[in-house]
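What follows is the content of target.cif, which has mmCIF, C-alpha atoms:
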```
data_my_file
#
loop_
_atom_site.label_atom_id
_atom_site.label_comp_id
_atom_site.auth_asym_id
_atom_site.auth_seq_id
_atom_site.Cartn_x
_atom_site.Cartn_y
_atom_site.Cartn_z
CA MET A 221 59.30 24.63 -14.37
CA PRO A 222 62.12 27.21 -14.45
CA ASP A 223 62.07 29.77 -17.26
CA SER A 224 65.08 28.34 -19.03
CA ALA A 225 64.13 24.67 -18.81
CA ILE A 226 63.59 22.59 -21.91
CA ALA A 227 60.73 20.13 -21.86
CA ALA A 228 61.12 17.27 -24.27
CA GLY A 229 59.55 13.93 -24.93
CA ALA A 230 61.86 11.42 -26.49
CA ALA A 231 60.08 8.29 -27.58
CA SER A 232 56.68 9.96 -27.23
CA GLY A 233 57.61 12.44 -29.97
CA LYS A 234 56.86 15.56 -27.92
CA GLU A 235 58.63 18.64 -29.18
CA LEU A 236 61.51 20.36 -27.46
CA ARG A 237 60.37 23.59 -25.89
CA VAL A 238 62.09 26.60 -24.37
CA THR A 239 59.83 28.37 -21.90
CA THR A 240 61.64 31.68 -21.71
CA SER A 241 59.07 34.31 -22.63
CA PRO A 242 60.13 36.71 -25.39
CA TYR A 243 58.11 39.38 -23.59
CA ARG A 244 60.30 39.26 -20.48
CA PRO A 245 63.55 41.25 -20.27
CA VAL A 246 65.73 38.18 -20.84
CA SER A 247 68.84 38.59 -22.95
CA GLN A 248 68.69 37.03 -26.40
CA GLN A 249 72.47 36.98 -26.50
CA GLY A 250 75.07 34.36 -25.68
CA TRP A 251 73.84 31.29 -23.84
CA HIS A 252 70.13 32.05 -24.14
CA GLN A 253 70.41 32.34 -27.91
CA LEU A 254 72.51 29.19 -28.20
CA ARG A 255 70.05 27.17 -26.15
CA GLY A 256 67.21 28.54 -28.23
CA ALA A 257 68.95 27.35 -31.38
CA VAL A 258 69.40 23.89 -29.84
CA ALA A 259 65.71 23.76 -28.97
CA LEU A 260 64.66 24.74 -32.49
CA THR A 261 67.04 22.19 -34.04
CA GLY A 262 65.71 19.50 -31.74
CA THR A 263 62.13 20.30 -32.68
CA GLY A 264 63.02 20.21 -36.37
CA PHE A 265 64.69 16.82 -35.90
CA GLN A 266 61.57 15.41 -34.23
CA ARG A 267 59.21 16.83 -36.85
CA VAL A 268 61.22 15.73 -39.86
CA THR A 269 61.69 12.23 -38.46
CA HIS A 270 57.96 11.97 -37.81
CA ARG A 271 57.06 13.12 -41.34
CA VAL A 272 59.58 10.72 -42.90
CA GLN A 273 58.05 7.87 -40.90
CA GLN A 274 54.59 8.85 -42.12
CA MET A 275 55.72 8.83 -45.76
CA HIS A 276 57.48 5.48 -45.26
CA GLU A 277 54.35 3.95 -43.75
CA ARG A 278 52.03 5.29 -46.43
CA ILE A 279 54.26 4.17 -49.28
CA ALA A 280 54.45 0.74 -47.66
CA GLU A 281 50.67 0.75 -47.22
CA VAL A 282 50.22 1.23 -50.98
CA SER A 283 52.61 -1.65 -51.69
CA PHE A 284 50.91 -4.02 -49.25
CA ARG A 285 47.48 -3.03 -50.55
CA ASN A 286 48.51 -3.96 -54.09
CA LEU A 287 50.06 -7.23 -52.93
CA SER A 288 46.90 -8.14 -51.08
CA ARG A 289 45.05 -8.27 -54.40
CA ALA A 290 47.45 -10.80 -55.95
CA PRO A 291 46.61 -14.49 -55.56
CA LEU A 292 48.93 -16.54 -53.32
CA VAL A 293 51.14 -13.51 -52.62
CA ASN A 294 48.39 -11.93 -50.53
CA VAL A 295 48.74 -14.61 -47.85
CA GLY A 296 52.42 -13.89 -47.31
CA SER A 297 51.98 -10.12 -47.44
CA ALA A 298 49.26 -10.23 -44.80
CA ALA A 299 51.66 -12.05 -42.48
CA VAL A 300 54.61 -9.78 -43.20
CA LYS A 301 52.75 -6.46 -42.83
CA PRO A 302 52.39 -6.50 -39.00
CA LEU A 303 56.08 -7.41 -38.67
CA HIS A 304 57.06 -4.59 -41.03
CA ASP A 305 54.87 -2.06 -39.24
CA GLY A 306 56.26 -3.07 -35.84
CA ILE A 307 59.88 -2.84 -36.96
CA THR A 308 59.29 0.49 -38.70
CA SER A 309 57.59 2.01 -35.67
CA GLY A 310 60.36 0.75 -33.40
CA VAL A 311 63.19 2.04 -35.56
CA TYR A 312 61.75 5.53 -36.00
CA GLY A 313 60.75 5.65 -32.34
CA ALA A 314 64.30 4.76 -31.35
CA VAL A 315 65.72 7.42 -33.65
CA ARG A 316 63.44 10.07 -32.13
CA GLY A 317 64.18 8.82 -28.65
CA ILE A 318 67.95 8.87 -29.08
CA GLY A 319 67.73 12.28 -30.73
CA GLY A 320 65.57 13.64 -27.92
CA VAL A 321 67.99 12.36 -25.29
CA ALA A 322 70.95 13.85 -27.18
CA PHE A 323 69.35 17.29 -27.43
CA ARG A 324 68.33 17.23 -23.77
CA LEU A 325 71.87 16.30 -22.77
CA LEU A 326 73.27 19.07 -24.93
CA ASP A 327 70.92 21.60 -23.37
CA GLY A 328 71.88 20.38 -19.91
CA LEU A 329 75.56 20.82 -20.70
CA LEU A 330 74.93 24.33 -21.99
CA GLN A 331 72.90 25.19 -18.91
CA ARG A 332 75.66 23.98 -16.57
CA ALA A 333 78.29 25.82 -18.60
CA GLU A 334 76.22 29.00 -18.35
CA GLN A 335 75.96 28.64 -14.57
CA SER A 336 79.59 27.60 -14.00
CA HIS A 337 82.87 29.43 -14.29
CA LEU A 338 82.40 29.27 -18.08
CA ARG A 339 79.54 31.77 -17.90
CA GLN A 340 81.99 34.55 -18.71
CA LEU A 341 82.69 32.90 -22.06
CA ARG A 342 79.93 34.40 -24.15
CA PRO A 343 79.21 32.19 -27.17
CA ALA A 344 79.21 33.93 -30.51
CA ASN A 345 75.80 35.37 -31.29
CA MET A 346 73.88 34.20 -34.31
CA PRO A 347 74.42 36.79 -37.09
CA ALA A 348 71.48 39.19 -37.15
CA PRO A 349 70.57 38.48 -40.82
CA LEU A 350 70.49 34.73 -40.11
CA LEU A 351 68.38 35.26 -36.99
CA SER A 352 65.94 37.37 -39.00
CA ALA A 353 65.76 34.71 -41.71
CA VAL A 354 64.97 32.02 -39.12
CA ASN A 355 62.23 34.24 -37.69
CA GLY A 356 60.79 34.79 -41.14
CA ALA A 357 60.50 31.06 -41.69
CA PHE A 358 59.43 29.94 -38.19
CA GLY A 359 58.84 33.12 -36.19
CA ASP A 360 55.27 32.34 -35.15
CA TYR A 361 56.36 28.93 -33.83
CA LEU A 362 59.30 30.47 -31.96
CA LEU A 363 56.95 32.94 -30.33
CA ARG A 364 54.41 30.27 -29.32
CA GLN A 365 57.20 28.19 -27.79
CA ARG A 366 58.71 31.26 -26.07
CA ASN A 367 62.02 30.49 -27.69
CA PRO A 368 64.71 33.15 -27.05
CA LEU A 369 65.35 33.27 -30.79
CA ALA A 370 61.96 34.95 -31.30
CA LEU A 371 62.63 38.56 -32.25
CA ARG A 372 60.95 41.34 -30.33
CA MET A 373 59.98 44.38 -32.35
CA GLY A 374 62.09 47.45 -31.76
CA PHE A 375 63.98 50.30 -33.34
CA TYR A 376 67.65 49.52 -33.90
CA HIS A 377 70.75 51.66 -34.32
CA HIS A 378 73.99 50.08 -35.52
CA GLY A 379 72.67 46.63 -34.66
CA LYS A 380 71.57 47.48 -31.11
CA PRO A 381 68.03 48.12 -29.85
CA LEU A 382 67.16 51.69 -28.92
CA GLN A 383 65.87 52.56 -25.48
CA MET A 384 62.62 54.39 -26.06
CA THR A 385 63.15 57.13 -23.50
CA GLN A 386 63.48 60.83 -24.12
CA ALA A 387 66.94 60.93 -22.49
CA ALA A 388 68.25 58.04 -24.59
CA LEU A 389 66.90 59.46 -27.86
CA HIS A 390 68.19 62.94 -27.07
CA ALA A 391 71.66 61.53 -26.41
CA LEU A 392 71.61 59.61 -29.68
CA TYR A 393 69.98 62.34 -31.76
CA PRO A 394 71.09 65.67 -30.23
CA GLN A 395 70.15 67.42 -33.48
CA ALA A 396 66.83 65.62 -33.91
CA SER A 397 64.47 67.45 -36.23
CA GLY A 398 60.70 67.51 -36.25
CA ASN A 399 60.69 65.27 -39.35
CA VAL A 400 61.03 61.52 -38.77
CA VAL A 401 61.27 58.70 -41.31
CA VAL A 402 60.78 55.07 -40.29
CA PHE A 403 62.21 52.25 -42.43
CA ILE A 404 60.41 48.88 -42.30
CA HIS A 405 62.19 45.90 -43.87
CA GLY A 406 60.60 42.90 -45.57
CA LEU A 407 60.29 39.15 -44.99
CA CYS A 408 63.36 37.37 -43.52
CA CYS A 409 65.35 40.63 -43.49
CA ASP A 410 66.51 43.10 -40.88
CA GLU A 411 67.42 46.79 -40.88
CA SER A 412 70.76 46.07 -42.57
CA SER A 413 68.90 45.30 -45.81
CA TRP A 414 68.58 49.05 -46.42
CA GLN A 415 72.38 49.09 -46.87
CA PHE A 416 72.29 46.63 -49.79
CA PHE A 417 73.74 47.71 -53.15
CA SER A 418 75.98 50.38 -51.63
CA SER A 419 79.40 48.82 -52.22
CA GLY A 420 81.47 47.42 -55.08
CA GLU A 421 79.92 48.29 -58.41
CA HIS A 422 77.09 50.02 -56.51
CA ALA A 423 79.43 52.21 -54.44
CA GLY A 424 77.76 55.31 -55.87
CA ASN A 425 74.43 54.38 -54.27
CA HIS A 426 73.77 56.16 -51.00
CA PRO A 427 71.19 54.62 -48.63
CA TYR A 428 67.89 56.48 -48.46
CA ALA A 429 68.34 57.17 -44.72
CA GLU A 430 71.67 58.88 -45.33
CA LEU A 431 70.25 61.09 -48.07
CA LEU A 432 67.10 61.95 -46.14
CA ALA A 433 69.14 62.77 -43.04
CA GLN A 434 70.98 65.38 -45.11
CA GLN A 435 67.57 66.90 -45.84
CA GLY A 436 66.55 67.22 -42.22
CA TYR A 437 64.86 63.86 -41.57
CA THR A 438 65.77 61.80 -38.51
CA PRO A 439 65.81 58.10 -39.55
CA PHE A 440 64.64 55.17 -37.44
CA PHE A 441 65.06 51.52 -38.44
CA LEU A 442 62.58 48.87 -37.35
CA ARG A 443 63.50 45.23 -36.72
CA TYR A 444 60.68 42.75 -36.21
CA ASN A 445 59.62 39.11 -36.37
CA THR A 446 58.40 38.69 -39.95
CA GLY A 447 57.08 35.19 -39.21
CA ILE A 448 54.03 36.36 -37.23
CA SER A 449 50.92 37.74 -38.90
CA ILE A 450 51.07 41.02 -40.77
CA GLU A 451 48.10 42.30 -38.81
CA GLN A 452 49.81 41.54 -35.51
CA ASN A 453 53.00 43.24 -36.65
CA GLY A 454 50.92 46.24 -37.69
CA ARG A 455 49.42 46.44 -34.21
CA LEU A 456 52.87 46.15 -32.61
CA LEU A 457 54.26 48.84 -34.92
CA ALA A 458 51.40 51.14 -33.94
CA GLN A 459 52.41 50.62 -30.30
CA MET A 460 56.07 51.29 -31.12
CA LEU A 461 55.10 54.53 -32.85
CA ASN A 462 53.18 55.49 -29.71
CA LYS A 463 56.41 55.05 -27.76
CA LEU A 464 58.42 56.97 -30.34
CA TYR A 465 55.95 59.85 -30.31
CA ALA A 466 56.04 60.02 -26.50
CA ALA A 467 59.85 59.74 -26.20
CA TYR A 468 60.94 61.84 -29.17
CA PRO A 469 63.00 64.79 -27.89
CA GLN A 470 61.35 67.26 -30.28
CA PRO A 471 57.70 67.91 -31.17
CA LEU A 472 56.95 65.51 -34.01
CA ALA A 473 55.81 67.55 -37.00
CA ARG A 474 56.05 65.05 -39.85
CA LEU A 475 56.20 61.24 -39.91
CA VAL A 476 57.08 59.25 -43.04
CA LEU A 477 56.86 55.46 -43.28
CA ILE A 478 58.89 53.61 -45.92
CA GLY A 479 58.31 49.86 -46.19
CA HIS A 480 59.90 47.32 -48.50
CA SER A 481 57.88 44.27 -49.56
CA MET A 482 56.11 42.92 -46.44
CA GLY A 483 57.20 46.11 -44.67
CA GLY A 484 54.78 48.14 -46.77
CA LEU A 485 51.90 45.90 -45.70
CA VAL A 486 52.94 46.24 -42.06
CA ALA A 487 53.02 50.03 -42.48
CA ARG A 488 49.48 50.01 -43.88
CA ALA A 489 48.28 47.77 -41.03
CA ALA A 490 49.90 50.10 -38.47
CA CYS A 491 48.10 53.06 -40.01
CA SER A 492 44.77 51.26 -39.66
CA HIS A 493 45.43 50.53 -35.99
CA GLY A 494 46.70 54.06 -35.39
CA VAL A 495 43.57 55.64 -36.84
CA ALA A 496 41.27 53.20 -35.04
CA SER A 497 42.87 54.06 -31.69
CA ALA A 498 43.10 57.80 -32.46
CA ALA A 499 46.87 57.68 -31.89
CA ALA A 500 48.50 61.09 -31.89
CA TRP A 501 51.24 59.99 -34.31
CA SER A 502 48.67 59.05 -36.97
CA ASP A 503 47.87 62.75 -37.38
CA ARG A 504 51.54 63.41 -38.16
CA ILE A 505 51.89 60.93 -41.05
CA SER A 506 52.46 62.76 -44.29
CA HIS A 507 53.56 59.91 -46.58
CA VAL A 508 53.55 56.13 -46.69
CA PHE A 509 55.82 54.61 -49.36
CA CYS A 510 55.49 50.93 -50.26
CA LEU A 511 58.38 49.54 -52.32
CA GLY A 512 57.51 46.31 -54.12
CA SER A 513 54.83 45.39 -51.57
CA PRO A 514 52.43 42.56 -52.58
CA HIS A 515 49.18 44.37 -51.80
CA LEU A 516 47.20 41.81 -53.81
CA GLY A 517 49.30 38.84 -52.76
CA ALA A 518 52.61 37.26 -53.77
CA PRO A 519 52.63 34.61 -56.54
CA LEU A 520 55.20 32.32 -54.88
CA GLU A 521 53.06 31.93 -51.76
CA LYS A 522 49.97 31.37 -53.91
CA VAL A 523 51.80 28.57 -55.74
CA ALA A 524 53.00 27.09 -52.43
CA HIS A 525 49.44 27.13 -51.10
CA LEU A 526 48.02 25.42 -54.19
CA GLY A 527 50.86 22.89 -54.15
CA THR A 528 50.26 21.90 -50.54
CA ARG A 529 46.51 21.60 -51.12
CA LEU A 530 47.20 19.31 -54.08
CA MET A 531 49.64 17.15 -52.13
CA GLN A 532 47.17 16.86 -49.26
CA ALA A 533 44.77 15.14 -51.63
CA PHE A 534 47.02 12.06 -51.77
CA ASP A 535 47.89 9.89 -48.78
CA VAL A 536 51.52 9.38 -49.80
CA THR A 537 52.29 13.09 -50.19
CA GLN A 538 50.27 14.36 -47.23
CA PRO A 539 53.29 14.29 -44.84
CA LEU A 540 55.32 16.32 -47.35
CA ALA A 541 52.46 18.80 -47.63
CA GLU A 542 52.39 19.12 -43.84
CA MET A 543 56.13 19.83 -43.78
CA ILE A 544 55.71 22.62 -46.32
CA ASP A 545 52.68 23.88 -44.41
CA ASP A 546 54.89 24.42 -41.35
CA ARG A 547 56.05 27.70 -42.91
CA SER A 548 55.28 30.75 -40.83
CA THR A 549 52.03 32.68 -40.59
CA GLY A 550 53.80 35.74 -41.95
CA ILE A 551 54.68 33.90 -45.16
CA LYS A 552 51.15 32.54 -45.51
CA ASP A 553 49.73 36.06 -45.13
CA LEU A 554 51.56 37.04 -48.30
CA ARG A 555 49.13 34.89 -50.30
CA HIS A 556 46.43 37.52 -49.76
CA GLY A 557 48.44 40.66 -49.22
CA LYS A 558 47.80 42.64 -46.08
CA SER A 559 46.36 39.75 -44.05
CA ALA A 560 45.13 36.19 -44.56
CA ARG A 561 42.94 36.44 -41.49
CA LYS A 562 39.45 37.85 -41.48
CA ARG A 563 38.80 40.39 -38.78
CA PRO A 564 35.76 42.50 -37.90
CA PRO A 565 35.65 45.62 -40.08
CA LEU A 566 36.22 48.99 -38.47
CA PRO A 567 33.12 51.10 -37.83
CA ALA A 568 31.90 52.98 -40.88
CA HIS A 569 33.01 56.33 -39.46
CA VAL A 570 36.59 55.14 -38.90
CA PRO A 571 38.82 55.43 -42.01
CA MET A 572 41.29 52.64 -42.78
CA ARG A 573 44.13 55.15 -43.14
CA PRO A 574 45.03 58.64 -41.96
CA PRO A 575 43.08 60.99 -44.25
CA GLN A 576 45.97 63.44 -44.60
CA ALA A 577 48.56 60.76 -45.46
CA HIS A 578 49.72 60.31 -49.04
CA PHE A 579 50.10 56.64 -50.04
CA HIS A 580 52.59 56.07 -52.84
CA PHE A 581 53.32 52.58 -54.21
CA ILE A 582 56.45 51.82 -56.25
CA GLY A 583 56.72 48.72 -58.44
CA SER A 584 59.33 47.53 -60.93
CA THR A 585 59.60 45.26 -63.95
CA MET A 586 63.15 43.88 -63.87
CA GLY A 587 64.59 44.10 -67.40
CA LEU A 588 61.24 44.16 -69.19
CA ARG A 589 59.50 47.14 -70.70
CA ARG A 590 55.93 47.83 -69.69
CA GLY A 591 54.63 46.91 -73.12
CA ASN A 592 56.04 43.38 -72.88
CA PRO A 593 53.21 40.86 -72.19
CA LEU A 594 55.37 39.13 -69.57
CA THR A 595 55.75 42.33 -67.55
CA LYS A 596 52.44 41.90 -65.76
CA TRP A 597 53.27 38.36 -64.67
CA LEU A 598 56.95 38.66 -63.77
CA GLY A 599 56.94 42.11 -62.21
CA ASP A 600 60.09 42.54 -60.13
CA GLY A 601 60.70 38.79 -60.00
CA LEU A 602 58.87 38.23 -56.70
CA VAL A 603 55.87 40.56 -56.84
CA ARG A 604 53.62 41.09 -59.83
CA LEU A 605 53.30 44.63 -61.08
CA ASP A 606 49.54 44.86 -60.53
CA SER A 607 50.03 43.67 -56.94
CA ALA A 608 52.85 46.15 -56.24
CA THR A 609 50.96 49.11 -57.67
CA ALA A 610 47.34 48.30 -56.66
CA ASP A 611 45.97 51.59 -57.94
CA HIS A 612 42.74 51.42 -55.92
CA LEU A 613 44.72 51.46 -52.63
CA ALA A 614 47.22 54.20 -53.51
CA ASP A 615 47.03 57.91 -54.15
CA ASP A 616 49.56 57.47 -56.95
CA VAL A 617 52.03 54.88 -58.19
CA SER A 618 55.39 54.72 -59.94
CA VAL A 619 56.75 51.95 -62.15
CA LEU A 620 60.50 51.57 -62.67
CA GLU A 621 61.93 49.43 -65.46
CA GLY A 622 65.04 47.32 -65.04
CA LEU A 623 64.98 46.87 -61.24
CA ASN A 624 64.43 43.61 -59.40
CA HIS A 625 62.68 43.23 -56.06
CA MET A 626 65.76 43.68 -53.85
CA GLN A 627 67.16 46.62 -55.83
CA LEU A 628 64.20 48.67 -54.63
CA LEU A 629 65.93 48.77 -51.25
CA ASN A 630 68.65 51.11 -52.49
CA HIS A 631 68.62 52.72 -55.89
CA PRO A 632 68.99 56.35 -57.05
CA ARG A 633 65.83 56.15 -59.17
CA VAL A 634 63.78 55.06 -56.19
CA TYR A 635 65.23 57.83 -54.06
CA ALA A 636 64.42 60.34 -56.80
CA ILE A 637 60.75 59.41 -56.41
CA LEU A 638 60.92 59.62 -52.62
CA ALA A 639 62.56 63.04 -52.79
CA GLN A 640 60.11 64.35 -55.34
CA ARG A 641 57.04 63.25 -53.37
CA LEU A 642 58.50 64.70 -50.17
CA GLY A 643 59.12 68.01 -51.88
CA LEU A 644 62.89 67.93 -51.57
CA THR A 645 65.27 69.73 -53.89
CA GLU A 646 65.78 68.34 -57.37
CA ALA A 647 69.56 68.17 -56.89
CA THR A 648 69.15 65.84 -53.93
CA ALA A 649 66.80 63.62 -55.83
CA GLN A 650 69.39 62.65 -58.41
#
```

Written as structure tokens, how would this file's structure read?
Amino acid sequence: MPDSAIAAGAASGKELRVTTSPYRPVSQQGWHQLRGAVALTGTGFQRVTHRVQQMHERIAEVSFRNLSRAPLVNVGSAAVKPLHDGITSGVYGAVRGIGGVAFRLLDGLLQRAEQSHLRQLRPANMPAPLLSAVNGAFGDYLLRQRNPLALRMGFYHHGKPLQMTQAALHALYPQASGNVVVFIHGLCCDESSWQFFSSGEHAGNHPYAELLAQQGYTPFFLRYNTGISIEQNGRLLAQMLNKLYAAYPQPLARLVLIGHSMGGLVARAACSHGVASAAAWSDRISHVFCLGSPHLGAPLEKVAHLGTRLMQAFDVTQPLAEMIDDRSTGIKDLRHGKSARKRPPLPAHVPMRPPQAHFHFIGSTMGLRRGNPLTKWLGDGLVRLDSATADHLADDVSVLEGLNHMQLLNHPRVYAILAQRLGLTEATAQ
């Protein structure tokens, strides 16, 4: 089957599938991206239709079961049930079949347009924040299906991926210093999230990268698929840091990792992999900052997990539970923190983090003061304070009052802490 073909089963209910590997150098722009979106939409249509049919059948099953216990009525219900089941199966099968045919036809039209004289008409690309959000929700599925929408990890500059060669980095950073800071965004976000709260009423806020660049740090922004496991992203980040270390145009003297939310967990996972593989860059890490990272798990995902387990206990709500359970592996990992998957422990002589690195966790409490009994539970609105600070995993912690989860991405008080821990001048930290 050609790389760009879509395999679909209509009446059989098989899912639409794009077989373009995200590991091959195939463009994610234009036609490839559009066809990937069609494939994902087609799969969603098939899945939702199937779950709705399941709920319909199970609700009907309860009704017919109750009718079967009633005298006289049970005779008629027993005769009607096979007719009902046959009609229901036929209707939903036809809907899936027609939908499958429609999506296959649409993909065929797009493929012919791509190969015809229209190929020069590049369709508008999906906005990067939307693409990142889709990956956060379904990124592991996109990767398994080799859908072109699946993001590949990389460092980005002004929305474009960086070529990890010494010549390319030297051309982009002619004044590169020996100090490097890497920014790692959170779930469903991309590198543009570090620019939040820097306009309008927040026009006085300067992004951390801008301020650190003025102090001699060369910033790099990571973009990655937040829908795959945190542990896997940590391993991929460790590999990307290997490439950065090898291609950086200056000797790397100091490496700082700053992660927001899930990004902090990915940074910690990368450190573990770096130490385990004796990566050269792991000896250069001086600080790891985690901003609002759920080291002990995120409450929303814990509630979602409990809710799906409860719904799975009842036949009627099982299909709904399965729909909710289709959320990505990356989201599910947030129930536990760093990883929901057990893995063999590292040998006793291998530390879980670079011994010279300073781990600093920053949490916040929205508008509540620390003495308020609700502070512990609400935290920054998405991550509880005890999970964000996790004293036993950090060298030291900071708690900021009056900031929500997203404000940690760009706020003068957060930068003041970063500057202080990095030993920068007090004037810059304000």

> Separation of CA of Gln627 in chain A and CA of Ser449 in chain A, in Å?
Replying inline: 25.1 Å

> Written as a list in words, which residues does the PyMOL selection byres ((chain A and resi 436) around 9) give for the file shown?
Replying inline: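 Output from the PyMOL selection byres ((chain A and resi 436) around 9), applied to this file: Ala396, Ser397, Gly398, Asn399, Val400, Leu432, Ala433, Gln434, Gln435, Tyr437 and Thr438 of chain A.
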
Could you make a table, as CSV, of the residues of range 442-532 of chain A that have an atom within 6 Å of an atom of range 355-370 of chain A, each with its nearest atom pair and distance in Å to one decimal, counting all atoms listed in the file, in chain and number order?
```
residue,atom,partner,partner_atom,distance
A:Asn445,CA,A:Asn355,CA,5.7
A:Thr446,CA,A:Gly356,CA,4.7
A:Gly447,CA,A:Gly359,CA,4.1
A:Ile448,CA,A:Asp360,CA,4.7
```

> Interatomic distance between CA of Ala466 in chain A and CA of Leu642 in chain A?
Replying inline: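 Between CA of Ala466 in chain A and CA of Leu642 in chain A the gap is 24.3 Å.
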
>> Taking the file as I've supplied it (selection: the PyMOL selection byres ((chain A and resi 416) around 12)), which residues are included? Please answer as a list in words.
In response: His405, Cys409, Asp410, Glu411, Ser412, Ser413, Trp414, Gln415, Phe417, Ser418, Ser419, Gly420, Glu421, His422, Ala423, Gly424, Asn425, His426, Pro427, Tyr428, His625, Met626, Gln627, Leu628, Leu629, Asn630 and His631 of chain A

>> So the first atom is CA of Ile582 in chain A and the second is CA of Leu511 in chain A; what is the distance between them in Å, to one decimal place?
In response: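 These two atoms are separated by 4.9 Å.
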
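Shell of His480 in chain A at 7 Å, with only C-alpha atoms counted and residues fewer than 3 places along the chain excluded, is A:Ile404, A:His405, A:Gly406, A:Gly483, A:Gly484, A:Cys510, A:Leu511, A:Gly512, A:Ser513, A:Leu629.
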
> With all atoms listed in the file as the atoms that count, which of A:Arg504, A:Arg443, A:Arg255, A:Lys522 lies nearest to Leu325 in chain A?
Replying inline: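 Distance minimum relative to Leu325 in chain A lands on A:Arg255.
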
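Using only C-alpha atoms, the smallest distance between any of A:Leu485, A:Met460, A:Ala353, A:Ile318 and Ala518 in chain A comes from A:Leu485.
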
> Can you tell me, as a count of residues only, what residues are no more than 9 Å from range 523-526 of chain A when counting all atoms listed in the file, ignoring any on the same chain fewer than 3 positions away?
Replying inline: 10

> Nearest to Gln459 in chain A: which of A:Gly527, A:Gly583, A:Gly494, A:Pro381 is it, counting all atoms listed in the file?
Replying inline: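 Ranking A:Gly527, A:Gly583, A:Gly494, A:Pro381 by distance to Gln459 in chain A, first place goes to A:Gly494.
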
>> Take the PyMOL selection byres ((chain A and resi 600) around 10), run it mentally on this structure, and tell me the resulting residues as a list in words.
In response: Gly512, Gly583, Ser584, Thr585, Met586, Gly587, Leu588, Thr595, Lys596, Trp597, Leu598, Gly599, Gly601, Leu602, Val603, Arg604, Leu605, Ala608, Leu620, Glu621, Gly622, Leu623, Asn624, His625, Met626, Gln627 and Leu628 of chain A

Would you mind exporting the chosen residues as an mmCIF file, in the coordinates of the input, restricted to C-alpha atoms?
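The result, stored in part16.cif:
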```
data_model
loop_
_atom_site.group_PDB
_atom_site.id
_atom_site.type_symbol
_atom_site.label_atom_id
_atom_site.label_comp_id
_atom_site.auth_asym_id
_atom_site.auth_seq_id
_atom_site.Cartn_x
_atom_site.Cartn_y
_atom_site.Cartn_z
ATOM 1 C CA GLY A 512 57.510 46.310 -54.120
ATOM 2 C CA GLY A 583 56.720 48.720 -58.440
ATOM 3 C CA SER A 584 59.330 47.530 -60.930
ATOM 4 C CA THR A 585 59.600 45.260 -63.950
ATOM 5 C CA MET A 586 63.150 43.880 -63.870
ATOM 6 C CA GLY A 587 64.590 44.100 -67.400
ATOM 7 C CA LEU A 588 61.240 44.160 -69.190
ATOM 8 C CA THR A 595 55.750 42.330 -67.550
ATOM 9 C CA LYS A 596 52.440 41.900 -65.760
ATOM 10 C CA TRP A 597 53.270 38.360 -64.670
ATOM 11 C CA LEU A 598 56.950 38.660 -63.770
ATOM 12 C CA GLY A 599 56.940 42.110 -62.210
ATOM 13 C CA GLY A 601 60.700 38.790 -60.000
ATOM 14 C CA LEU A 602 58.870 38.230 -56.700
ATOM 15 C CA VAL A 603 55.870 40.560 -56.840
ATOM 16 C CA ARG A 604 53.620 41.090 -59.830
ATOM 17 C CA LEU A 605 53.300 44.630 -61.080
ATOM 18 C CA ALA A 608 52.850 46.150 -56.240
ATOM 19 C CA LEU A 620 60.500 51.570 -62.670
ATOM 20 C CA GLU A 621 61.930 49.430 -65.460
ATOM 21 C CA GLY A 622 65.040 47.320 -65.040
ATOM 22 C CA LEU A 623 64.980 46.870 -61.240
ATOM 23 C CA ASN A 624 64.430 43.610 -59.400
ATOM 24 C CA HIS A 625 62.680 43.230 -56.060
ATOM 25 C CA MET A 626 65.760 43.680 -53.850
ATOM 26 C CA GLN A 627 67.160 46.620 -55.830
ATOM 27 C CA LEU A 628 64.200 48.670 -54.630
#
```

>> My list of candidates is A:Ala467, A:Ile450, A:Ala314, A:Ala496. Which is closest to Leu382 in chain A when distances are computed with all atoms listed in the file?
In response: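 Answer, going by the shortest atom-to-atom distance: A:Ala467.
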
> List as a VMD selection string: which residues have an atom within 9 Å of (61.6, 56.7, -20.7), counting all atoms listed in the file?
Replying inline: chain A and resid 383 to 388 463 466 to 467

> Given the choices A:Thr609, A:Gln532, A:Gln576, A:Gln538, which gets closest to Pro514 in chain A if the distance is worked out from all atoms listed in the file?
Replying inline: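 Ranked by minimum distance to Pro514 in chain A, first place goes to A:Thr609.
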
> Out of A:Pro439, A:Gly643, A:Pro593, A:Gly256, which residue has the shortest atom-to-atom distance to Gln395 in chain A when counting all atoms listed in the file?
Replying inline: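 Smallest separation from Gln395 in chain A among the options: A:Pro439.
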
> Near Phe440 in chain A, within 10 Å and counting all atoms listed in the file, which residues show up once chain neighbours fewer than 4 positions away are dropped, as an NGL selection string?
Replying inline: :A and (374-377 or 382 or 400-404 or 411 or 429 or 464 or 477)

Keeping only C-alpha atoms, write the selected residues as a compact mmCIF listing (two decimals), in the frame of the given file.
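Output file again_16.txt is given in full below:
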```txt
# COMPACT_ATOMS: atom_id res chain seq x y z
CA GLY A 374 62.09 47.45 -31.76
CA PHE A 375 63.98 50.30 -33.34
CA TYR A 376 67.65 49.52 -33.90
CA HIS A 377 70.75 51.66 -34.32
CA LEU A 382 67.16 51.69 -28.92
CA VAL A 400 61.03 61.52 -38.77
CA VAL A 401 61.27 58.70 -41.31
CA VAL A 402 60.78 55.07 -40.29
CA PHE A 403 62.21 52.25 -42.43
CA ILE A 404 60.41 48.88 -42.30
CA GLU A 411 67.42 46.79 -40.88
CA ALA A 429 68.34 57.17 -44.72
CA LEU A 464 58.42 56.97 -30.34
CA LEU A 477 56.86 55.46 -43.28
```
